[in-house]
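This report concerns only the one structure given below.
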Amino acid sequence: MKLNQLYHLTNNSFLKNRIMTLETQIKHMLNVNFGIKILALPMVLFLIFSCVNKTQVDTIITNAKVYTVNDSFDVVESVVVKNGIFYDMGSSKEMLSKYTSTEIIDADGDFVYPGFNDGHSHFLAYGISEIKYANLMGTGSFNEVLDMVIEHYKKYPSEWILGRGWDQNDWDIKKFPDNSALNKAFPETPVVLNRVDGHALLANKAALEIAGITADTKIEGGEIVIVDNKPTGLLIDNAMDKLKSVIPTWTIEEKTTALLKAQDDCYAVGLTSVTDAGLDKSDILLIDELHKKDDLNIRVYAMLSPNHDNFSYFIDKGPYHTDKLTVSSIKIYIDGALGSRGALLLEPYSDALHSHGSQVSSTKFLDSICKMALENGFQVNTHAIGDSGNRIVLNTYAKYLKGKNDLRWRIEHAQVVNPNDMHYFTDYSIIPSVQATHCTSDMYWADERLGEERVKHAYAYNDLMNTNNWIINGTDFPIEGISPIRTYYASVTRKDVNDYPDGGFQMVNSLSKEDALKSITIWPAMGSFEEETKGSIEPGKVADYVILDTDLLEVEQSDLLKARVLGTYVNGINVYESN
């Protein structure tokens with residue numbers, strides 16, 4: 001008797017469902033593809049009714065190597081999903097004997113990991129940059145930048161020309177540009193080009209005039225670069241704010257498009273959770289609205305930008321949590337970036353002896369944020385890159401934390417930390433949040449900024465991890481690329497994508513493969529107080545996972561970047577599938 005004949009002999013919906021999935025069940029149980037073969041009726045009935053005592057679930061993944069990243073770092077071959085939650089796990093034989101499903105995923109030996117989590121990014125800004133900005137990443141000279149901006153304007157004419165991603169450290173002539181060529185190319189249309197780190201920009205004369213920026217404009221915590229009593233167009237750190245305030249704001253429709261674009265791109269690289277390190281109330285509410293409509297399903301940990309509108313709406317109410325959105329932290333900046341010499345250093349820059357960098361927020365302001373956060377149950381997450389910036393933050397945190405705790409206040413980046421200050425992380429349970437690809441982007445010139453001795457204490461990820469036995473990892477995208485696999489690779493190898501340098505950069509501070517995987521899964525979840533619901537594959541946690549064609553923990557280092565995302569799942573639902 002054929003299966004379709006037996007299907008029409010019964011009106012029992014349960015049995016119909018069993019018959020519909022019988023071929024899949026038989027294939028897994030007997031390892032035979034029956035396809036269109038005819039089965040003896042007794043065998044058919046036995047297999048059907050043997051399913052009666054099995055629990056119906058949504059998905060069974062079999063024949064996989066599943067890195068659970070639980071406390072024991074268990075590896076299993078089968079996972080069961082029900083109602084968007086991990087339900088059980090074990091051997092394929094055991095799971096198939098206990099459960100039945102209309103969706104059985106035969107992983108065919110591929111590798112399953114918890115959904116990747118970017119511990120520090122700019123999710124909305126990435127989406128906006130993808131749809132609105134000329135991409136200037138990887139340019140080799142300012143002439144190349146100019147050519148790309150001109151080409152972008154021809155394709156996408158607009159009232160303001162925007163670009164991002166240039167880095168003078170990648171050019172043959174490694175000095176900051178001025179706006180003379182921009183003024184000739186665009187005498188009337190305002191142009192604003194953000195440096196790769198987001199802590200400096202170049203604006204043409206038309207843009208400066210709209211913003212009212214002159215050689216006499218006073219800025220605290222930043223710099224308007226002046227030559228011959230005229231602005232060159234280069235603005236650093238707080239000097240950028242006056243110009244950014246006159247750039248037309250994005251519409252809700254544009255922001256929605258940007259968020260959905262960012263979500264799709266994140267899914268394609270295996271990200272199921274992201275951090276947005278600094279958002280305003282209106283943007284957080286838009287994300288929440290899109291979440292509630294199920295248009296946006298990627299999980300977002302949103303840090304509040306430090307402004308009155310955010311504080312008046314969120315702080316008194318306390319941390320805000322949904323199954324997709326967490327708002328429990330305040331993000332501030334203590335200094336700028338190393339590449340633009342804005343990071344605040346204890347001693348002058350080795351290649352600019354007149355400068356220590358910039359303190360972009362006062363210590364008094366940091367102190368007030370810490371006090372407010374502590375009183376209202378919020379985290380404080382402070383951008384600190386230079387050793388002086390880190391020392392100010394560590395000392396201020398210590399004043400309020402008063403010893404070991406579980407408040408999980410964070411230092412974002414923690415790029416240069418004086419060895420004498422490392423103990424603060426342990427003594428006051430302060431969590432380092434780093435970006436491994438910053439190390440491999442900066443390593444070509446970091447010693448020029450810091451000198452031979454000081455650079456030894458930069459990007460010290462293993463030392464930082466050992467202070468509390470965990471560390472958060474991310475990309476800071478769109479400053480770096482969005483791929484968590486590249487984060488993993490940079491953490492382990494301390495090399496760029498071209499396998500440079502031989503032997504890796506300061507390998508004493510590389511992470512082990514196991515720790516690197518934790519740093520993009522369970523540890524970022526801990527960083528947002530969400531480790532009980534996500535970050536590992538365990539019964540009761542949300543079924544966010546990614547399937548790769550590569551064993552990240554066993555493959556040769558040289559093959560890590562070849563890893564391909566085969567599928568990404570949120571709440572057990574496939575949101576991305578490789579072609």
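Letters A, B, ... go to the chains of the structure tokens in the order shown; residues in each chain start at 1; ligands are counted from 1 in the same order.
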Extract, using only C-alpha atoms, all DNA, RNA and protein residues at most 8 Å from region 155-169 of chain A, discarding same-chain residues fewer than 2 positions from it, and format them as a VMD selection string.
chain A and resid 129 132 to 139 141 to 142 145 149 151 to 153 171 173 to 177 189 to 197 247 339 445 479
Write a file of the selected residues as a PDB file, in the first residue's frame, keeping C-alpha atoms.
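Okay, part07.pdb is ready:
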```
ATOM      1  CA  SER A 129      25.190  54.590   5.814  1.00  0.00           C
ATOM      2  CA  LYS A 132      22.636  57.314   2.143  1.00  0.00           C
ATOM      3  CA  TYR A 133      26.448  57.508   2.248  1.00  0.00           C
ATOM      4  CA  ALA A 134      29.237  57.089  -0.268  1.00  0.00           C
ATOM      5  CA  ASN A 135      31.361  54.185   0.939  1.00  0.00           C
ATOM      6  CA  LEU A 136      34.953  55.410   1.194  1.00  0.00           C
ATOM      7  CA  MET A 137      36.393  52.366   2.964  1.00  0.00           C
ATOM      8  CA  GLY A 138      39.681  51.072   1.596  1.00  0.00           C
ATOM      9  CA  THR A 139      40.569  54.182  -0.394  1.00  0.00           C
ATOM     10  CA  SER A 141      44.472  58.414  -1.336  1.00  0.00           C
ATOM     11  CA  PHE A 142      42.351  61.532  -0.995  1.00  0.00           C
ATOM     12  CA  VAL A 145      38.093  59.637  -2.104  1.00  0.00           C
ATOM     13  CA  VAL A 149      32.344  61.191  -3.966  1.00  0.00           C
ATOM     14  CA  GLU A 151      30.718  59.382  -8.819  1.00  0.00           C
ATOM     15  CA  HIS A 152      28.318  58.898  -5.895  1.00  0.00           C
ATOM     16  CA  TYR A 153      26.796  62.339  -6.474  1.00  0.00           C
ATOM     17  CA  TRP A 171      47.237  56.461   2.252  1.00  0.00           C
ATOM     18  CA  ILE A 173      50.784  60.367   2.354  1.00  0.00           C
ATOM     19  CA  LYS A 174      49.553  59.709   5.880  1.00  0.00           C
ATOM     20  CA  LYS A 175      48.290  63.129   6.839  1.00  0.00           C
ATOM     21  CA  PHE A 176      44.859  64.624   7.339  1.00  0.00           C
ATOM     22  CA  PRO A 177      43.332  66.140   4.192  1.00  0.00           C
ATOM     23  CA  THR A 189      26.619  71.787  -2.457  1.00  0.00           C
ATOM     24  CA  PRO A 190      27.530  70.958   1.162  1.00  0.00           C
ATOM     25  CA  VAL A 191      29.779  67.909   1.570  1.00  0.00           C
ATOM     26  CA  VAL A 192      30.491  66.013   4.814  1.00  0.00           C
ATOM     27  CA  LEU A 193      32.836  63.005   4.816  1.00  0.00           C
ATOM     28  CA  ASN A 194      33.196  61.052   8.066  1.00  0.00           C
ATOM     29  CA  ARG A 195      36.478  59.422   8.967  1.00  0.00           C
ATOM     30  CA  VAL A 196      36.361  55.640   9.470  1.00  0.00           C
ATOM     31  CA  ASP A 197      36.297  55.877  13.287  1.00  0.00           C
ATOM     32  CA  ILE A 247      22.421  68.065   8.339  1.00  0.00           C
ATOM     33  CA  GLY A 339      43.541  57.103  14.624  1.00  0.00           C
ATOM     34  CA  TRP A 445      50.421  52.416  12.792  1.00  0.00           C
ATOM     35  CA  ILE A 479      33.462  51.450  11.545  1.00  0.00           C
TER      36      ILE A 479
END
```
Neighbours of region 437-441 of chain A within 6 Å (only C-alpha atoms; same-chain residues fewer than 5 positions away dropped), as a PyMOL selection string?
chain A and resi 459+487+490+495-496
Writer output for current selection, N, CA, C and O atoms, as a PDB file, in the first residue's frame:
```pdb
ATOM      1  N   TYR A 459      45.256  46.913  23.148  1.00  0.00           N
ATOM      2  CA  TYR A 459      44.515  45.773  22.584  1.00  0.00           C
ATOM      3  C   TYR A 459      44.829  44.491  23.368  1.00  0.00           C
ATOM      4  O   TYR A 459      45.003  43.416  22.802  1.00  0.00           O
ATOM      5  N   THR A 487      35.481  38.858  13.438  1.00  0.00           N
ATOM      6  CA  THR A 487      35.797  39.147  14.838  1.00  0.00           C
ATOM      7  C   THR A 487      36.458  37.949  15.488  1.00  0.00           C
ATOM      8  O   THR A 487      37.469  38.075  16.194  1.00  0.00           O
ATOM      9  N   ALA A 490      40.027  37.504  14.038  1.00  0.00           N
ATOM     10  CA  ALA A 490      40.978  38.484  14.561  1.00  0.00           C
ATOM     11  C   ALA A 490      41.320  38.207  16.015  1.00  0.00           C
ATOM     12  O   ALA A 490      42.453  38.413  16.446  1.00  0.00           O
ATOM     13  N   LYS A 495      45.560  38.645  13.145  1.00  0.00           N
ATOM     14  CA  LYS A 495      46.034  38.927  11.793  1.00  0.00           C
ATOM     15  C   LYS A 495      44.929  39.613  10.999  1.00  0.00           C
ATOM     16  O   LYS A 495      43.748  39.519  11.331  1.00  0.00           O
ATOM     17  N   ASP A 496      45.337  40.286   9.900  1.00  0.00           N
ATOM     18  CA  ASP A 496      44.341  40.840   8.989  1.00  0.00           C
ATOM     19  C   ASP A 496      43.913  39.770   7.983  1.00  0.00           C
ATOM     20  O   ASP A 496      44.375  38.617   8.042  1.00  0.00           O
TER      21      ASP A 496
END
```
For the structure I just gave you, how does DSSP split region 115-317 of chain A - specifically, which residues are helix (DSSP H, G or I)? Reply as a ChimeraX atom specification.
/A:123-132,142-155,168-170,180-185,205-211,239-244,252-268,281-292,308-317
Non-local contacts of region 340-357 of chain A (7 Å; only C-alpha atoms; under 2 positions in same chain excluded) as an mmCIF file with all heavy atoms, in the first residue's frame:
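around05.cif, freshly written:
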```
data_model
loop_
_atom_site.group_PDB
_atom_site.id
_atom_site.type_symbol
_atom_site.label_atom_id
_atom_site.label_comp_id
_atom_site.auth_asym_id
_atom_site.auth_seq_id
_atom_site.Cartn_x
_atom_site.Cartn_y
_atom_site.Cartn_z
ATOM 1 N N HIS A 199 35.131 59.754 14.537
ATOM 2 C CA HIS A 199 35.584 60.781 15.480
ATOM 3 C C HIS A 199 36.244 61.964 14.776
ATOM 4 O O HIS A 199 36.838 62.822 15.431
ATOM 5 C CB HIS A 199 36.535 60.177 16.503
ATOM 6 C CG HIS A 199 35.830 59.320 17.506
ATOM 7 N ND1 HIS A 199 35.368 59.806 18.705
ATOM 8 C CD2 HIS A 199 35.478 58.009 17.464
ATOM 9 C CE1 HIS A 199 34.772 58.836 19.374
ATOM 10 N NE2 HIS A 199 34.828 57.732 18.644
ATOM 11 N N ALA A 200 36.141 62.006 13.469
ATOM 12 C CA ALA A 200 36.632 63.151 12.704
ATOM 13 C C ALA A 200 35.863 63.186 11.391
ATOM 14 O O ALA A 200 35.345 62.151 10.929
ATOM 15 C CB ALA A 200 38.143 63.047 12.443
ATOM 16 N N ASP A 335 36.636 60.103 25.664
ATOM 17 C CA ASP A 335 37.673 60.616 24.759
ATOM 18 C C ASP A 335 37.335 60.264 23.323
ATOM 19 O O ASP A 335 36.236 59.770 23.030
ATOM 20 C CB ASP A 335 39.067 60.118 25.164
ATOM 21 C CG ASP A 335 39.238 58.606 25.057
ATOM 22 O OD1 ASP A 335 38.259 57.895 24.744
ATOM 23 O OD2 ASP A 335 40.369 58.111 25.296
ATOM 24 N N GLY A 336 38.277 60.528 22.433
ATOM 25 C CA GLY A 336 38.071 60.262 21.022
ATOM 26 C C GLY A 336 38.746 58.970 20.589
ATOM 27 O O GLY A 336 38.789 58.001 21.344
ATOM 28 N N ALA A 337 39.283 58.957 19.361
ATOM 29 C CA ALA A 337 39.858 57.745 18.782
ATOM 30 C C ALA A 337 41.356 57.905 18.567
ATOM 31 O O ALA A 337 41.870 59.013 18.388
ATOM 32 C CB ALA A 337 39.177 57.413 17.456
ATOM 33 N N LEU A 338 42.045 56.779 18.574
ATOM 34 C CA LEU A 338 43.501 56.786 18.421
ATOM 35 C C LEU A 338 43.907 57.236 17.023
ATOM 36 O O LEU A 338 44.875 57.977 16.847
ATOM 37 C CB LEU A 338 44.048 55.386 18.711
ATOM 38 C CG LEU A 338 45.547 55.261 18.953
ATOM 39 C CD1 LEU A 338 45.967 56.018 20.199
ATOM 40 C CD2 LEU A 338 45.940 53.786 19.071
ATOM 41 N N GLN A 359 39.613 65.137 26.011
ATOM 42 C CA GLN A 359 38.586 64.622 26.916
ATOM 43 C C GLN A 359 37.267 65.227 26.464
ATOM 44 O O GLN A 359 37.014 66.417 26.664
ATOM 45 C CB GLN A 359 38.882 64.974 28.373
ATOM 46 C CG GLN A 359 37.862 64.386 29.338
ATOM 47 C CD GLN A 359 38.257 64.516 30.801
ATOM 48 O OE1 GLN A 359 39.411 64.790 31.120
ATOM 49 N NE2 GLN A 359 37.307 64.285 31.691
ATOM 50 N N ILE A 385 39.323 55.011 25.166
ATOM 51 C CA ILE A 385 40.351 54.395 24.325
ATOM 52 C C ILE A 385 41.758 54.643 24.866
ATOM 53 O O ILE A 385 42.555 53.727 25.009
ATOM 54 C CB ILE A 385 40.210 54.875 22.870
ATOM 55 C CG1 ILE A 385 38.950 54.239 22.257
ATOM 56 C CG2 ILE A 385 41.449 54.528 22.049
ATOM 57 C CD1 ILE A 385 38.726 54.538 20.796
ATOM 58 N N GLY A 386 42.089 55.877 25.198
ATOM 59 C CA GLY A 386 43.429 56.161 25.697
ATOM 60 C C GLY A 386 43.625 55.743 27.142
ATOM 61 O O GLY A 386 42.662 55.559 27.893
ATOM 62 N N ASP A 387 44.884 55.604 27.561
ATOM 63 C CA ASP A 387 45.153 55.166 28.938
ATOM 64 C C ASP A 387 44.706 56.196 29.971
ATOM 65 O O ASP A 387 44.262 55.830 31.066
ATOM 66 C CB ASP A 387 46.618 54.777 29.127
ATOM 67 C CG ASP A 387 47.612 55.813 28.648
ATOM 68 O OD1 ASP A 387 47.188 56.937 28.288
ATOM 69 O OD2 ASP A 387 48.818 55.508 28.620
ATOM 70 N N SER A 388 44.755 57.473 29.636
ATOM 71 C CA SER A 388 44.232 58.487 30.547
ATOM 72 C C SER A 388 42.711 58.440 30.600
ATOM 73 O O SER A 388 42.114 58.539 31.679
ATOM 74 C CB SER A 388 44.694 59.877 30.120
ATOM 75 O OG SER A 388 44.210 60.863 31.000
ATOM 76 N N GLY A 389 42.084 58.274 29.441
ATOM 77 C CA GLY A 389 40.629 58.144 29.401
ATOM 78 C C GLY A 389 40.158 56.962 30.218
ATOM 79 O O GLY A 389 39.198 57.055 30.998
ATOM 80 N N GLU A 448 53.324 53.900 16.075
ATOM 81 C CA GLU A 448 53.708 55.275 15.785
ATOM 82 C C GLU A 448 53.011 56.238 16.741
ATOM 83 O O GLU A 448 53.611 57.206 17.210
ATOM 84 C CB GLU A 448 53.365 55.637 14.339
ATOM 85 C CG GLU A 448 54.101 54.799 13.297
ATOM 86 C CD GLU A 448 53.613 55.093 11.884
ATOM 87 O OE1 GLU A 448 52.885 56.102 11.712
ATOM 88 O OE2 GLU A 448 53.925 54.320 10.963
ATOM 89 N N ARG A 449 51.736 55.975 17.019
ATOM 90 C CA ARG A 449 50.985 56.834 17.934
ATOM 91 C C ARG A 449 51.469 56.663 19.379
ATOM 92 O O ARG A 449 51.565 57.624 20.141
ATOM 93 C CB ARG A 449 49.495 56.490 17.891
ATOM 94 C CG ARG A 449 48.803 56.724 16.573
ATOM 95 C CD ARG A 449 48.484 58.189 16.367
ATOM 96 N NE ARG A 449 47.595 58.361 15.234
ATOM 97 C CZ ARG A 449 47.994 58.420 13.973
ATOM 98 N NH1 ARG A 449 49.291 58.321 13.687
ATOM 99 N NH2 ARG A 449 47.115 58.590 12.998
ATOM 100 N N LEU A 450 51.746 55.411 19.765
ATOM 101 C CA LEU A 450 51.942 55.082 21.176
ATOM 102 C C LEU A 450 53.399 54.873 21.575
ATOM 103 O O LEU A 450 53.735 54.961 22.763
ATOM 104 C CB LEU A 450 51.149 53.821 21.525
ATOM 105 C CG LEU A 450 49.632 53.919 21.351
ATOM 106 C CD1 LEU A 450 48.984 52.555 21.534
ATOM 107 C CD2 LEU A 450 49.040 54.926 22.331
ATOM 108 N N GLY A 451 54.253 54.567 20.624
ATOM 109 C CA GLY A 451 55.633 54.252 20.953
ATOM 110 C C GLY A 451 55.806 52.773 21.258
ATOM 111 O O GLY A 451 54.852 52.044 21.523
#
```
Could you build a table of the residues in region 269-339 of chain A lying no more than 9 Å from region 367-383 of chain A, giving for each the nearest pair of atoms and their separation in Å rounded to one decimal place, using only C-alpha atoms, ordered by chain and ascending residue number, as CSV?
```
residue,atom,partner,partner_atom,distance
A:Ala277,CA,A:Asn381,CA,8.7
A:Met303,CA,A:Asn381,CA,8.0
A:Pro306,CA,A:Ile369,CA,8.2
A:Ile315,CA,A:Asn376,CA,6.5
A:Asp316,CA,A:Asn376,CA,6.9
A:Lys317,CA,A:Asn376,CA,8.4
A:Gly318,CA,A:Asn376,CA,6.0
A:Pro319,CA,A:Phe378,CA,6.4
A:Val327,CA,A:Phe378,CA,8.7
A:Ser328,CA,A:Phe378,CA,5.2
A:Ser329,CA,A:Gln379,CA,4.3
A:Ile330,CA,A:Val380,CA,5.1
A:Lys331,CA,A:Asn381,CA,4.9
A:Ile332,CA,A:Thr382,CA,5.0
A:Tyr333,CA,A:His383,CA,4.6
A:Ile334,CA,A:His383,CA,6.0
A:Asp335,CA,A:His383,CA,7.0
A:Gly336,CA,A:His383,CA,8.2
```
Taking only C-alpha atoms into account, name the residue in A:Val416, A:Val575, A:Ala239, A:Met422 that is nearest to Asp447 (chain A).
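So, comparing all the options, the nearest one is A:Val416.
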To one decimal place in Å, what is the distance between CA of Gly127 (chain A) and CA of Glu253 (chain A)?
12.4 Å
Nearby residues (only C-alpha atoms) at most 8 Å from His413 (chain A), same-chain spacing under 4 positions excluded, as a PDB file with N, CA and C atoms, in the first residue's frame:
```pdb
ATOM      1  N   HIS A 383      32.718  54.893  26.495  1.00  0.00           N
ATOM      2  CA  HIS A 383      33.767  54.825  25.470  1.00  0.00           C
ATOM      3  C   HIS A 383      35.056  55.394  26.065  1.00  0.00           C
ATOM      4  N   ALA A 384      36.077  54.552  26.141  1.00  0.00           N
ATOM      5  CA  ALA A 384      37.387  55.002  26.625  1.00  0.00           C
ATOM      6  C   ALA A 384      38.463  54.266  25.845  1.00  0.00           C
ATOM      7  N   ILE A 385      39.323  55.011  25.166  1.00  0.00           N
ATOM      8  CA  ILE A 385      40.351  54.395  24.325  1.00  0.00           C
ATOM      9  C   ILE A 385      41.758  54.643  24.866  1.00  0.00           C
ATOM     10  N   PRO A 432      35.175  44.697  30.335  1.00  0.00           N
ATOM     11  CA  PRO A 432      35.714  45.246  29.089  1.00  0.00           C
ATOM     12  C   PRO A 432      34.896  44.789  27.885  1.00  0.00           C
ATOM     13  N   SER A 433      34.579  45.742  27.020  1.00  0.00           N
ATOM     14  CA  SER A 433      33.851  45.456  25.774  1.00  0.00           C
ATOM     15  C   SER A 433      34.732  45.915  24.621  1.00  0.00           C
ATOM     16  N   VAL A 434      35.257  44.963  23.847  1.00  0.00           N
ATOM     17  CA  VAL A 434      36.298  45.270  22.865  1.00  0.00           C
ATOM     18  C   VAL A 434      35.857  44.888  21.457  1.00  0.00           C
ATOM     19  N   GLN A 435      36.689  45.258  20.505  1.00  0.00           N
ATOM     20  CA  GLN A 435      36.444  44.938  19.102  1.00  0.00           C
ATOM     21  C   GLN A 435      37.754  44.424  18.500  1.00  0.00           C
TER      22      GLN A 435
END
```
Distance query Gly119 (chain A) at most 9 Å, only C-alpha atoms, self and fewer than 6 positions along chain excluded, as a PyMOL selection string:
chain A and resi 273-277+301+433-435+472-476+519-521+523-525+527-528
Excluding Thr326 (chain A) and residues on its chain fewer than 6 positions from it, collect all residues at most 7 Å away from it, counting only C-alpha atoms, and give them as JSON, numbers by chain.
{"A": [300, 301, 302, 320]}
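Remark: for Cys266 (chain A), the closest of the candidate residues A:Leu517, A:Val57, A:Leu296, A:Met526 is A:Leu296 (distances computed over only C-alpha atoms).
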Find the spatial neighbours of Asp427 (chain A), counting only C-alpha atoms, within a cut-off of 7 Å - ignore same-chain residues fewer than 2 positions away - and output them as a compact mmCIF listing (two decimals) with all heavy atoms, in the first residue's frame.
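File written: selection-v6.txt
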```txt
# COMPACT_ATOMS: atom_id res chain seq x y z
N GLY A 403 33.56 48.17 45.17
CA GLY A 403 33.95 46.77 45.35
C GLY A 403 33.26 45.87 44.35
O GLY A 403 32.61 46.31 43.42
N LYS A 404 33.40 44.57 44.55
CA LYS A 404 32.81 43.60 43.62
C LYS A 404 31.29 43.71 43.63
O LYS A 404 30.68 43.99 44.65
CB LYS A 404 33.26 42.19 43.97
CG LYS A 404 34.74 41.94 43.69
CD LYS A 404 35.10 40.47 43.89
CE LYS A 404 36.56 40.22 43.56
NZ LYS A 404 36.87 40.46 42.14
N HIS A 423 43.89 46.31 37.66
CA HIS A 423 43.24 45.72 38.83
C HIS A 423 41.85 46.28 39.07
O HIS A 423 41.01 45.64 39.70
CB HIS A 423 44.10 45.95 40.08
CG HIS A 423 44.15 47.38 40.53
ND1 HIS A 423 43.29 47.88 41.49
CD2 HIS A 423 44.93 48.43 40.14
CE1 HIS A 423 43.54 49.16 41.68
NE2 HIS A 423 44.55 49.52 40.87
N TYR A 424 41.56 47.49 38.54
CA TYR A 424 40.24 48.07 38.72
C TYR A 424 39.14 47.18 38.12
O TYR A 424 38.05 47.08 38.67
CB TYR A 424 40.17 49.45 38.08
CG TYR A 424 40.80 50.56 38.87
CD1 TYR A 424 42.12 50.94 38.63
CD2 TYR A 424 40.09 51.24 39.85
CE1 TYR A 424 42.71 51.97 39.35
CE2 TYR A 424 40.67 52.27 40.58
CZ TYR A 424 41.98 52.62 40.32
OH TYR A 424 42.57 53.64 41.05
N PHE A 425 39.44 46.58 36.98
CA PHE A 425 38.44 45.71 36.34
C PHE A 425 38.04 44.58 37.28
O PHE A 425 36.86 44.26 37.42
CB PHE A 425 39.00 45.14 35.03
CG PHE A 425 39.12 46.14 33.92
CD1 PHE A 425 40.31 46.83 33.71
CD2 PHE A 425 38.05 46.41 33.09
CE1 PHE A 425 40.44 47.76 32.69
CE2 PHE A 425 38.15 47.34 32.06
CZ PHE A 425 39.35 48.02 31.86
N SER A 429 34.58 44.72 39.38
CA SER A 429 33.76 43.94 38.44
C SER A 429 33.36 44.75 37.21
O SER A 429 32.21 44.70 36.75
CB SER A 429 32.51 43.41 39.16
OG SER A 429 32.84 42.67 40.31
```
Nearest to Ala268 (chain A), chosen from A:Ile298, A:Val81, A:Ala436, A:Val225, with only C-alpha atoms counted in the distances:
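Counting only C-alpha atoms, the residue closest to Ala268 (chain A) is A:Ile298.
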Select, from A:Asp147, A:Asp110, A:Asp406, A:Asp280, the residue with the minimum atom-to-atom distance to Phe529 (chain A), counting only C-alpha atoms.
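Among the listed residues, A:Asp406 lies closest to Phe529 (chain A).
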When DSSP works through the backbone of this structure, what residues of region 106-140 of chain A end up as strand (DSSP E), shown as a ChimeraX atom specification?
/A:106,111-114,116-121,134-135
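Nearest-residue note for Ala64 (chain A): choosing from A:Asp323, A:Asp442, A:Asp549, A:Asp499, the minimum distance belongs to A:Asp549, counting only C-alpha atoms.
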